[in-house]
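**Q** Below is work.cif; it holds mmCIF, C-alpha atoms.
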data_model
loop_
_atom_site.label_atom_id
_atom_site.label_comp_id
_atom_site.auth_asym_id
_atom_site.auth_seq_id
_atom_site.Cartn_x
_atom_site.Cartn_y
_atom_site.Cartn_z
CA MET A 1 95.19 71.31 160.88
CA ASP A 2 93.39 73.57 158.44
CA GLY A 3 90.09 72.75 156.81
CA VAL A 4 86.71 71.42 157.86
CA ALA A 5 86.07 68.26 159.89
CA LEU A 6 82.61 66.70 160.22
CA ILE A 7 82.17 64.45 163.27
CA THR A 8 78.99 62.44 163.85
CA GLY A 9 77.85 61.25 167.27
CA ALA A 10 79.64 64.21 168.81
CA SER A 11 77.43 65.08 171.78
CA ARG A 12 79.56 63.22 174.34
CA GLY A 13 82.26 60.65 174.97
CA ILE A 14 84.58 59.77 172.12
CA GLY A 15 82.77 61.96 169.58
CA ALA A 16 83.01 65.06 171.76
CA SER A 17 86.69 64.35 172.42
CA ILE A 18 87.35 64.04 168.68
CA ALA A 19 85.62 67.36 168.06
CA HIS A 20 87.60 69.11 170.81
CA ARG A 21 90.87 67.79 169.42
CA PHE A 22 90.17 68.89 165.86
CA ALA A 23 89.09 72.33 167.06
CA THR A 24 92.27 72.68 169.12
CA SER A 25 94.32 71.71 166.07
CA GLY A 26 92.83 74.64 164.14
CA ALA A 27 90.11 72.96 162.10
CA ALA A 28 86.58 74.28 161.75
CA VAL A 29 84.41 71.50 163.14
CA ALA A 30 80.86 70.47 162.34
CA ILE A 31 79.37 68.29 165.03
CA ALA A 32 76.23 66.23 164.61
CA ALA A 33 74.03 64.21 166.93
CA ARG A 34 70.44 63.05 167.09
CA THR A 35 69.37 65.71 169.59
CA ALA A 36 70.84 68.99 170.76
CA GLU A 37 69.99 68.39 174.41
CA GLU A 38 69.71 65.06 176.20
CA GLY A 39 66.38 64.19 177.75
CA ASP A 40 68.01 61.87 180.29
CA HIS A 41 69.92 64.21 182.59
CA ARG A 42 71.70 61.29 184.23
CA LEU A 43 73.84 61.18 181.08
CA SER A 44 76.60 63.71 180.73
CA GLY A 45 77.07 65.79 177.61
CA SER A 46 75.01 67.24 174.79
CA LEU A 47 75.63 68.73 171.36
CA ALA A 48 75.04 72.23 172.73
CA THR A 49 77.47 71.67 175.60
CA THR A 50 80.18 70.37 173.29
CA ALA A 51 79.76 73.37 171.00
CA GLU A 52 79.85 75.84 173.91
CA GLU A 53 83.07 74.32 175.23
CA ILE A 54 84.71 74.52 171.81
CA ARG A 55 83.69 78.17 171.38
CA ARG A 56 85.03 79.04 174.83
CA GLY A 57 88.35 77.60 173.72
CA GLY A 58 88.37 79.84 170.67
CA GLY A 59 87.32 77.19 168.18
CA ARG A 60 84.95 77.46 165.25
CA VAL A 61 82.04 75.05 165.44
CA LEU A 62 78.76 74.33 163.71
CA THR A 63 76.08 72.12 165.27
CA VAL A 64 73.66 70.09 163.18
CA VAL A 65 70.87 68.01 164.70
CA ALA A 66 70.57 64.92 162.50
CA ASP A 67 69.16 61.46 163.07
CA LEU A 68 71.52 59.29 161.04
CA ALA A 69 68.95 56.53 160.89
CA LYS A 70 67.04 58.80 158.45
CA GLN A 71 68.19 59.23 154.86
CA SER A 72 66.78 62.76 154.66
CA ASP A 73 68.82 63.84 157.70
CA ARG A 74 71.99 62.36 156.24
CA ALA A 75 71.57 64.37 153.05
CA ARG A 76 70.74 67.56 154.94
CA LEU A 77 73.77 67.13 157.21
CA VAL A 78 76.35 67.28 154.43
CA GLU A 79 74.49 70.05 152.58
CA THR A 80 74.35 72.18 155.74
CA VAL A 81 78.02 71.75 156.59
CA GLU A 82 79.21 72.56 153.07
CA ARG A 83 76.95 75.61 152.89
CA GLU A 84 77.99 76.99 156.28
CA LEU A 85 81.65 75.98 156.54
CA GLY A 86 82.78 74.98 153.06
CA PRO A 87 84.10 71.71 151.60
CA ILE A 88 84.55 68.84 154.05
CA ASP A 89 88.19 67.78 154.35
CA VAL A 90 87.75 65.14 157.06
CA LEU A 91 84.71 62.95 157.67
CA VAL A 92 84.62 61.10 160.99
CA ASN A 93 81.88 58.45 161.08
CA ASN A 94 81.62 58.01 164.83
CA ALA A 95 77.88 57.71 165.59
CA ALA A 96 76.84 54.33 166.97
CA VAL A 97 73.93 52.56 168.62
CA THR A 98 74.01 49.22 170.38
CA TYR A 99 71.62 46.79 172.04
CA PHE A 100 72.46 43.68 174.04
CA GLU A 101 70.04 40.97 172.98
CA PRO A 102 70.46 37.38 171.74
CA VAL A 103 69.52 36.40 168.21
CA LEU A 104 66.24 34.74 169.20
CA ASP A 105 64.92 37.79 171.05
CA PHE A 106 66.43 40.51 168.86
CA PRO A 107 63.74 42.95 167.58
CA GLU A 108 63.90 43.77 163.89
CA ARG A 109 63.67 47.50 164.63
CA HIS A 110 66.86 47.33 166.70
CA PHE A 111 68.67 45.53 163.89
CA GLU A 112 67.52 48.12 161.38
CA VAL A 113 68.56 51.18 163.37
CA MET A 114 71.97 49.74 164.26
CA PHE A 115 72.88 48.99 160.66
CA GLU A 116 71.38 52.26 159.43
CA VAL A 117 73.56 54.26 161.83
CA GLN A 118 76.74 52.18 161.90
CA VAL A 119 76.93 51.03 158.29
CA ARG A 120 74.53 52.72 155.89
CA ALA A 121 75.08 56.22 157.27
CA SER A 122 78.85 55.75 157.11
CA PHE A 123 78.92 54.71 153.48
CA GLU A 124 76.28 57.26 152.45
CA LEU A 125 78.06 60.17 154.10
CA ALA A 126 81.27 59.00 152.42
CA GLN A 127 79.46 58.95 149.08
CA ARG A 128 78.39 62.54 149.62
CA VAL A 129 81.79 63.97 150.58
CA LEU A 130 84.06 61.95 148.27
CA PRO A 131 83.31 63.78 144.98
CA GLY A 132 84.60 67.04 146.48
CA MET A 133 87.62 65.32 147.99
CA ARG A 134 88.40 63.73 144.63
CA GLU A 135 88.23 67.10 142.86
CA ARG A 136 90.69 68.55 145.39
CA ALA A 137 92.84 65.38 145.36
CA GLU A 138 92.89 65.25 149.16
CA GLY A 139 90.77 64.26 152.14
CA VAL A 140 90.44 61.67 154.88
CA VAL A 141 87.53 59.42 155.83
CA VAL A 142 87.76 58.08 159.38
CA ASN A 143 85.48 55.22 160.34
CA VAL A 144 85.32 54.68 164.10
CA SER A 145 84.88 50.95 164.49
CA SER A 146 85.77 48.93 167.61
CA MET A 147 88.08 46.15 168.63
CA GLY A 148 84.85 44.14 168.45
CA GLY A 149 85.02 44.60 164.69
CA ARG A 150 88.16 42.48 164.57
CA LEU A 151 87.27 39.85 167.18
CA PRO A 152 84.90 36.87 167.20
CA GLY A 153 81.36 37.80 168.21
CA SER A 154 80.15 37.38 171.77
CA PRO A 155 76.72 36.25 173.01
CA ALA A 156 74.03 38.94 173.00
CA ASN A 157 76.38 41.41 171.35
CA TRP A 158 76.36 39.90 167.88
CA ALA A 159 74.63 42.79 166.08
CA TYR A 160 77.03 45.48 167.31
CA SER A 161 80.03 43.32 166.43
CA ALA A 162 78.54 42.49 163.03
CA SER A 163 77.98 46.15 162.22
CA LYS A 164 81.57 46.97 163.16
CA HIS A 165 82.90 44.07 161.07
CA ALA A 166 80.90 45.53 158.18
CA LEU A 167 82.40 48.97 158.82
CA GLY A 168 85.87 47.44 158.67
CA SER A 169 85.08 45.77 155.35
CA LEU A 170 83.72 49.06 154.01
CA SER A 171 86.97 50.73 155.06
CA ASP A 172 89.11 48.08 153.34
CA SER A 173 87.29 48.44 150.03
CA LEU A 174 86.98 52.21 150.15
CA ALA A 175 90.68 52.68 150.90
CA GLU A 176 91.65 50.90 147.69
CA GLU A 177 89.08 52.78 145.63
CA VAL A 178 90.10 56.29 146.71
CA ARG A 179 93.86 55.95 147.14
CA PRO A 180 94.59 56.87 143.49
CA PHE A 181 92.83 60.19 144.06
CA GLY A 182 94.91 61.26 147.05
CA ILE A 183 92.24 60.35 149.62
CA ARG A 184 92.96 58.24 152.69
CA VAL A 185 90.77 56.01 154.86
CA VAL A 186 91.48 55.15 158.49
CA CYS A 187 89.49 52.55 160.42
CA VAL A 188 89.97 53.30 164.12
CA GLU A 189 89.37 50.38 166.49
CA PRO A 190 89.13 51.53 170.12
CA GLY A 191 89.10 49.20 173.07
CA PHE A 192 87.23 50.08 176.25
CA PHE A 193 86.89 53.80 176.92
CA ARG A 194 84.64 55.67 179.32
CA THR A 195 81.50 56.25 177.26
CA ASP A 196 77.80 55.36 177.52
CA VAL A 197 77.74 53.23 174.37
CA VAL A 198 76.44 50.18 176.27
CA ARG A 199 73.58 51.92 178.04
CA LYS A 200 70.92 50.41 175.73
CA GLY A 201 70.98 46.87 177.07
CA GLY A 202 68.00 44.83 175.98
CA ARG A 203 65.06 44.12 178.28
CA LEU A 204 64.21 40.53 177.59
CA PRO A 205 60.84 38.96 178.42
CA LYS A 206 60.69 37.25 181.80
CA GLY A 207 60.28 33.88 180.13
CA SER A 208 63.35 34.25 177.92
CA PRO A 209 66.00 31.56 178.57
CA TYR A 210 68.63 34.20 177.77
CA ARG A 211 67.84 36.74 180.49
CA ASP A 212 70.73 35.73 182.73
CA LEU A 213 73.16 35.50 179.82
CA GLU A 214 72.17 38.93 178.53
CA LYS A 215 72.60 40.46 181.97
CA GLN A 216 76.03 38.87 182.37
CA VAL A 217 77.28 40.12 179.00
CA ALA A 218 75.87 43.62 179.55
CA ALA A 219 77.43 43.76 183.01
CA TRP A 220 80.81 42.69 181.63
CA TYR A 221 80.74 45.37 178.94
CA SER A 222 79.50 48.02 181.37
CA ALA A 223 82.34 47.20 183.75
CA GLY A 224 84.85 47.48 180.91
CA VAL A 225 83.51 50.87 179.92
CA ALA A 226 83.38 52.14 183.51
CA THR A 227 87.06 51.33 184.01
CA GLY A 228 88.12 52.21 180.47
CA GLY A 229 90.49 54.86 179.26
CA ASP A 230 89.98 58.57 178.74
CA PRO A 231 88.07 59.22 175.47
CA ALA A 232 90.50 62.07 174.80
CA VAL A 233 93.05 59.40 173.87
CA VAL A 234 90.90 58.38 170.90
CA GLY A 235 90.46 61.99 169.81
CA ALA A 236 94.21 62.53 169.89
CA ALA A 237 94.86 59.32 167.96
CA ILE A 238 92.41 60.28 165.22
CA VAL A 239 93.79 63.79 164.70
CA ALA A 240 97.32 62.37 164.63
CA ALA A 241 96.20 59.76 162.08
CA VAL A 242 94.64 62.41 159.85
CA GLU A 243 97.82 64.47 159.94
CA ASP A 244 100.16 61.50 159.32
CA PRO A 245 99.91 59.89 155.86
CA ALA A 246 101.90 56.90 157.14
CA THR A 247 99.07 55.85 159.49
CA PRO A 248 97.93 52.29 158.70
CA LEU A 249 94.41 51.61 157.46
CA HIS A 250 93.46 49.76 160.66
CA LEU A 251 94.38 51.61 163.85
CA PRO A 252 93.70 49.90 167.21
CA VAL A 253 93.58 52.42 170.08
CA GLY A 254 94.10 51.40 173.69
CA ALA A 255 96.32 48.71 175.14
CA ASP A 256 93.41 46.26 175.37
CA ALA A 257 92.55 46.71 171.70
CA VAL A 258 96.15 46.32 170.57
CA SER A 259 96.57 43.17 172.65
CA ALA A 260 93.26 41.56 171.68
CA ILE A 261 93.56 42.29 167.96
CA SER A 262 97.17 41.15 167.76
CA GLY A 263 96.06 37.87 169.29
CA VAL A 264 93.74 37.07 166.38
CA SER A 265 95.75 38.59 163.52
#
Translate this file's structure into C-alpha coordinates.
**A**
Amino acid sequence: MDGVALITGASRGIGASIAHRFATSGAAVAIAARTAEEGDHRLSGSLATTAEEIRRGGGRVLTVVADLAKQSDRARLVETVERELGPIDVLVNNAAVTYFEPVLDFPERHFEVMFEVQVRASFELAQRVLPGMRERAEGVVVNVSSMGGRLPGSPANWAYSASKHALGSLSDSLAEEVRPFGIRVVCVEPGFFRTDVVRKGGRLPKGSPYRDLEKQVAAWYSAGVATGGDPAVVGAAIVAAVEDPATPLHLPVGADAVSAISGVS
(Lines of atoms letter the chains of each structure in order from A and count residues from 1; the text may use other names and numbers.)
(Lines give C-alpha, C1' and ligand atoms only; values in the text may rest on other atoms or scores of the structure.)
Protein backbone atom coordinates (compact mmCIF):
# COMPACT_ATOMS: atom_id res chain seq x y z
CA MET A 1 0.00 0.00 0.00
CA ASP A 2 1.05 3.60 -0.53
CA GLY A 3 1.10 6.22 2.17
CA VAL A 4 2.31 6.54 5.74
CA ALA A 5 1.54 4.14 8.60
CA LEU A 6 2.23 5.00 12.25
CA ILE A 7 2.55 1.99 14.56
CA THR A 8 2.94 2.36 18.32
CA GLY A 9 4.53 -0.27 20.55
CA ALA A 10 6.62 -1.40 17.59
CA SER A 11 9.88 -2.47 19.22
CA ARG A 12 9.02 -6.18 19.27
CA GLY A 13 6.35 -8.84 19.00
CA ILE A 14 3.09 -7.92 17.32
CA GLY A 15 4.04 -4.27 16.82
CA ALA A 16 7.29 -5.12 15.05
CA SER A 17 5.46 -7.64 12.87
CA ILE A 18 2.88 -5.03 11.91
CA ALA A 19 5.64 -2.59 10.97
CA HIS A 20 7.46 -5.19 8.86
CA ARG A 21 4.27 -6.06 7.01
CA PHE A 22 3.39 -2.46 6.20
CA ALA A 23 6.94 -1.78 5.02
CA THR A 24 6.85 -4.85 2.79
CA SER A 25 3.55 -3.67 1.32
CA GLY A 26 5.20 -0.42 0.23
CA ALA A 27 4.16 1.98 2.97
CA ALA A 28 6.51 4.38 4.71
CA VAL A 29 6.35 3.36 8.36
CA ALA A 30 6.83 5.37 11.52
CA ILE A 31 7.48 3.17 14.52
CA ALA A 32 7.26 4.32 18.11
CA ALA A 33 8.16 2.80 21.45
CA ARG A 34 9.09 4.01 24.92
CA THR A 35 12.82 3.37 24.47
CA ALA A 36 15.06 2.80 21.48
CA GLU A 37 17.06 0.04 23.15
CA GLU A 38 15.86 -2.39 25.80
CA GLY A 39 17.65 -2.36 29.13
CA ASP A 40 16.69 -5.97 29.84
CA HIS A 41 18.72 -7.98 27.33
CA ARG A 42 16.77 -11.13 28.15
CA LEU A 43 13.97 -9.62 26.06
CA SER A 44 14.26 -9.81 22.31
CA GLY A 45 13.77 -6.80 20.07
CA SER A 46 14.16 -3.05 20.18
CA LEU A 47 13.01 -0.06 18.17
CA ALA A 48 16.47 0.27 16.61
CA THR A 49 16.55 -3.41 15.66
CA THR A 50 13.12 -3.26 14.06
CA ALA A 51 14.13 -0.19 12.04
CA GLU A 52 17.42 -1.78 10.92
CA GLU A 53 15.61 -4.90 9.72
CA ILE A 54 13.11 -2.83 7.75
CA ARG A 55 15.86 -0.78 6.11
CA ARG A 56 17.77 -3.93 5.16
CA GLY A 57 14.62 -5.10 3.40
CA GLY A 58 14.48 -1.88 1.41
CA GLY A 59 11.74 -0.24 3.44
CA ARG A 60 11.40 3.37 4.52
CA VAL A 61 11.17 3.80 8.28
CA LEU A 62 11.23 6.54 10.89
CA THR A 63 11.79 5.80 14.58
CA VAL A 64 10.34 7.99 17.32
CA VAL A 65 11.02 7.39 21.00
CA ALA A 66 7.79 8.30 22.80
CA ASP A 67 6.36 7.36 26.18
CA LEU A 68 2.64 7.17 25.42
CA ALA A 69 1.82 7.60 29.09
CA LYS A 70 2.93 11.24 28.63
CA GLN A 71 0.71 13.76 26.85
CA SER A 72 3.71 15.77 25.62
CA ASP A 73 5.20 12.69 23.95
CA ARG A 74 1.89 11.86 22.26
CA ALA A 75 1.73 15.33 20.72
CA ARG A 76 5.37 15.25 19.64
CA LEU A 77 4.93 11.81 18.06
CA VAL A 78 2.31 12.90 15.53
CA GLU A 79 4.06 16.21 14.83
CA THR A 80 7.35 14.41 14.14
CA VAL A 81 5.84 11.83 11.81
CA GLU A 82 3.91 14.39 9.78
CA ARG A 83 6.97 16.63 9.49
CA GLU A 84 9.32 13.83 8.44
CA LEU A 85 7.08 11.54 6.38
CA GLY A 86 3.94 13.50 5.56
CA PRO A 87 0.25 12.97 6.39
CA ILE A 88 -0.59 9.82 8.32
CA ASP A 89 -2.83 7.48 6.33
CA VAL A 90 -2.97 4.61 8.83
CA LEU A 91 -2.75 4.83 12.61
CA VAL A 92 -2.16 1.56 14.46
CA ASN A 93 -2.69 1.91 18.21
CA ASN A 94 -0.80 -1.16 19.36
CA ALA A 95 1.13 -0.10 22.48
CA ALA A 96 0.03 -1.84 25.66
CA VAL A 97 1.05 -2.39 29.27
CA THR A 98 -0.33 -4.97 31.66
CA TYR A 99 0.00 -5.99 35.30
CA PHE A 100 -1.44 -9.05 37.01
CA GLU A 101 -2.79 -7.93 40.36
CA PRO A 102 -6.17 -8.31 42.11
CA VAL A 103 -8.37 -5.32 42.81
CA LEU A 104 -7.47 -5.12 46.51
CA ASP A 105 -3.72 -4.98 45.87
CA PHE A 106 -3.74 -3.01 42.62
CA PRO A 107 -1.51 0.12 42.85
CA GLU A 108 -3.06 3.33 41.55
CA ARG A 109 0.05 4.07 39.47
CA HIS A 110 -0.39 0.80 37.56
CA PHE A 111 -4.03 1.63 36.85
CA GLU A 112 -3.09 5.09 35.62
CA VAL A 113 -0.34 3.99 33.24
CA MET A 114 -2.42 1.15 31.76
CA PHE A 115 -5.34 3.40 30.92
CA GLU A 116 -3.07 6.20 29.73
CA VAL A 117 -1.36 3.88 27.25
CA GLN A 118 -4.22 1.61 26.21
CA VAL A 119 -7.11 4.08 26.16
CA ARG A 120 -6.15 7.74 26.45
CA ALA A 121 -3.22 7.52 24.05
CA SER A 122 -5.37 5.69 21.50
CA PHE A 123 -8.13 8.27 21.46
CA GLU A 124 -5.72 11.21 21.63
CA LEU A 125 -3.60 9.99 18.73
CA ALA A 126 -6.81 9.43 16.78
CA GLN A 127 -7.87 13.00 17.56
CA ARG A 128 -4.58 14.26 16.17
CA VAL A 129 -4.62 12.33 12.88
CA LEU A 130 -8.35 12.46 12.06
CA PRO A 131 -8.55 16.10 10.87
CA GLY A 132 -6.06 15.35 8.10
CA MET A 133 -7.80 12.11 7.20
CA ARG A 134 -11.12 13.94 7.03
CA GLU A 135 -9.69 16.58 4.69
CA ARG A 136 -8.41 13.84 2.37
CA ALA A 137 -11.62 11.78 2.78
CA GLU A 138 -9.63 8.62 3.50
CA GLY A 139 -7.69 6.88 6.25
CA VAL A 140 -7.82 3.95 8.64
CA VAL A 141 -7.52 3.81 12.43
CA VAL A 142 -6.59 0.36 13.74
CA ASN A 143 -7.00 -0.28 17.45
CA VAL A 144 -5.22 -3.44 18.58
CA SER A 145 -7.39 -4.79 21.36
CA SER A 146 -7.48 -8.42 22.54
CA MET A 147 -9.91 -11.27 22.76
CA GLY A 148 -9.92 -10.26 26.43
CA GLY A 149 -11.75 -7.12 25.34
CA ARG A 150 -14.74 -9.23 24.32
CA LEU A 151 -14.72 -11.80 27.13
CA PRO A 152 -15.68 -11.67 30.82
CA GLY A 153 -12.85 -10.50 33.05
CA SER A 154 -10.61 -12.96 34.86
CA PRO A 155 -9.13 -12.71 38.37
CA ALA A 156 -6.03 -10.53 38.67
CA ASN A 157 -6.31 -9.48 35.04
CA TRP A 158 -9.27 -7.15 35.40
CA ALA A 159 -7.46 -3.91 34.53
CA TYR A 160 -6.02 -5.16 31.24
CA SER A 161 -9.38 -6.58 30.21
CA ALA A 162 -11.16 -3.38 31.25
CA SER A 163 -8.80 -1.24 29.19
CA LYS A 164 -9.37 -3.45 26.14
CA HIS A 165 -13.15 -3.34 26.63
CA ALA A 166 -12.81 0.45 26.68
CA LEU A 167 -10.76 0.36 23.48
CA GLY A 168 -13.50 -1.69 21.83
CA SER A 169 -16.14 0.84 22.89
CA LEU A 170 -13.97 3.67 21.57
CA SER A 171 -13.72 1.82 18.25
CA ASP A 172 -17.50 1.32 18.03
CA SER A 173 -18.25 5.00 18.58
CA LEU A 174 -15.42 6.30 16.42
CA ALA A 175 -16.38 4.08 13.49
CA GLU A 176 -19.84 5.64 13.32
CA GLU A 177 -18.49 9.16 13.69
CA VAL A 178 -15.92 8.97 10.88
CA ARG A 179 -17.66 6.71 8.35
CA PRO A 180 -19.37 9.64 6.57
CA PHE A 181 -15.94 11.12 5.87
CA GLY A 182 -14.50 8.05 4.15
CA ILE A 183 -12.48 6.93 7.20
CA ARG A 184 -12.57 3.38 8.55
CA VAL A 185 -11.92 1.92 12.00
CA VAL A 186 -10.83 -1.66 12.67
CA CYS A 187 -10.65 -3.14 16.16
CA VAL A 188 -8.31 -6.13 15.99
CA GLU A 189 -8.75 -8.74 18.72
CA PRO A 190 -5.83 -11.20 18.81
CA GLY A 191 -5.80 -14.36 20.85
CA PHE A 192 -2.57 -15.77 22.25
CA PHE A 193 0.54 -14.91 20.25
CA ARG A 194 4.20 -15.17 21.17
CA THR A 195 4.90 -11.80 22.79
CA ASP A 196 6.14 -10.55 26.17
CA VAL A 197 2.94 -8.66 27.01
CA VAL A 198 2.47 -10.60 30.27
CA ARG A 199 5.98 -10.10 31.62
CA LYS A 200 4.87 -7.45 34.17
CA GLY A 201 3.13 -9.75 36.62
CA GLY A 202 2.48 -8.12 39.96
CA ARG A 203 4.61 -8.83 43.02
CA LEU A 204 2.13 -9.05 45.82
CA PRO A 205 3.05 -8.65 49.50
CA LYS A 206 3.80 -11.89 51.31
CA GLY A 207 0.73 -11.45 53.47
CA SER A 208 -1.65 -11.00 50.54
CA PRO A 209 -4.38 -13.68 50.39
CA TYR A 210 -4.20 -13.41 46.59
CA ARG A 211 -0.57 -14.40 46.05
CA ASP A 212 -1.36 -17.94 44.92
CA LEU A 213 -4.24 -16.81 42.73
CA GLU A 214 -2.12 -14.14 41.05
CA LYS A 215 0.64 -16.64 40.36
CA GLN A 216 -1.82 -19.13 38.88
CA VAL A 217 -3.39 -16.57 36.55
CA ALA A 218 -0.01 -15.18 35.47
CA ALA A 219 1.29 -18.69 34.83
CA TRP A 220 -1.77 -19.54 32.74
CA TYR A 221 -1.36 -16.42 30.60
CA SER A 222 2.38 -16.93 30.27
CA ALA A 223 1.83 -20.49 29.09
CA GLY A 224 -0.71 -19.28 26.53
CA VAL A 225 1.72 -16.71 25.18
CA ALA A 226 4.64 -19.15 25.12
CA THR A 227 2.66 -21.59 22.96
CA GLY A 228 0.83 -18.91 20.98
CA GLY A 229 0.92 -18.18 17.29
CA ASP A 230 3.44 -16.28 15.22
CA PRO A 231 2.96 -12.50 15.65
CA ALA A 232 3.44 -12.16 11.89
CA VAL A 233 -0.10 -13.51 11.52
CA VAL A 234 -1.45 -10.40 13.25
CA GLY A 235 0.64 -8.10 11.09
CA ALA A 236 -0.66 -9.78 7.94
CA ALA A 237 -4.25 -9.59 9.16
CA ILE A 238 -3.97 -5.87 9.90
CA VAL A 239 -2.46 -4.93 6.53
CA ALA A 240 -5.11 -7.04 4.78
CA ALA A 241 -7.82 -5.29 6.83
CA VAL A 242 -6.49 -1.85 5.91
CA GLU A 243 -6.47 -2.76 2.23
CA ASP A 244 -9.96 -4.35 2.26
CA PRO A 245 -12.88 -1.96 2.86
CA ALA A 246 -15.16 -4.95 3.51
CA THR A 247 -13.29 -5.85 6.71
CA PRO A 248 -15.67 -5.85 9.70
CA LEU A 249 -15.21 -3.39 12.55
CA HIS A 250 -14.29 -6.16 15.01
CA LEU A 251 -11.66 -8.58 13.71
CA PRO A 252 -10.68 -11.56 15.91
CA VAL A 253 -7.29 -12.99 14.90
CA GLY A 254 -6.24 -16.52 15.81
CA ALA A 255 -8.32 -19.65 16.12
CA ASP A 256 -8.56 -19.27 19.91
CA ALA A 257 -9.88 -15.72 19.61
CA VAL A 258 -12.43 -16.64 16.96
CA SER A 259 -13.66 -19.59 19.02
CA ALA A 260 -13.79 -17.75 22.36
CA ILE A 261 -15.48 -14.63 21.01
CA SER A 262 -18.05 -16.56 18.99
CA GLY A 263 -18.96 -18.37 22.19
CA VAL A 264 -20.06 -15.16 23.92
CA SER A 265 -21.52 -13.29 20.93
**Q** Report, in Å with one decimal, the straight-line distance from CA of Met147 in chain A to CA of Pro190 in chain A.
**A**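 Going from CA of Met147 in chain A over to CA of Pro190 in chain A covers 5.7 Å.
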**Q** List the neighbours of Gly254 in chain A out to 8 Å using all atoms listed in the file; skip same-chain residues closer than 4 positions along the sequence, and give me the result as a VMD selection string.
**A** chain A and resid 190 to 192 229 258
**Q** Work out how far apart CA of Arg21 in chain A and CA of Val61 in chain A are and give it in Å to one decimal.
**A**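 These two atoms are separated by 12.1 Å.
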**Q** So what does the PyMOL selection byres ((chain A and resi 132) around 12) actually pick up in this one, as a list in words?
**A**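 On this input, the PyMOL selection byres ((chain A and resi 132) around 12) captures Val78, Glu82, Gly86, Pro87, Ile88, Asp89, Val90, Leu91, Ala126, Gln127, Arg128, Val129, Leu130, Pro131, Met133, Arg134, Glu135, Arg136, Ala137, Glu138, Gly139, Val140, Phe181, Gly182 and Ile183 of chain A.
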**Q** Convert the output of the PyMOL selection byres ((chain A and resi 100) around 12) on the shown file into explicit residues, formatted as a ChimeraX atom specification.
**A** /A:97-99,101-107,110-111,114,154-161,197-204,210-222
**Q** Can you tell me which residues surround range 22-37 of chain A at a distance of at most 10 Å, considering only C-alpha atoms, apart from same-chain residues fewer than 5 positions away, and format the answer as number ranges by chain?
**A** A: 1-12, 15-17, 45-51, 54-55, 57-69, 73, 77-78, 80-82, 84-86, 88-92, 94-95, 235-236, 238-240, 242
**Q** Just how far from CA of Val234 in chain A is CA of Gln71 in chain A, in Å to one decimal?
**A**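 Interatomic distance, CA of Gln71 in chain A to CA of Val234 in chain A: 27.8 Å.
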**Q** Excluding range 164-171 of chain A and residues on its chain fewer than 4 positions from it, collect all residues at most 6 Å away from it, counting all atoms listed in the file, and give them as a ChimeraX atom specification.
**A** /A:119,145,149,175
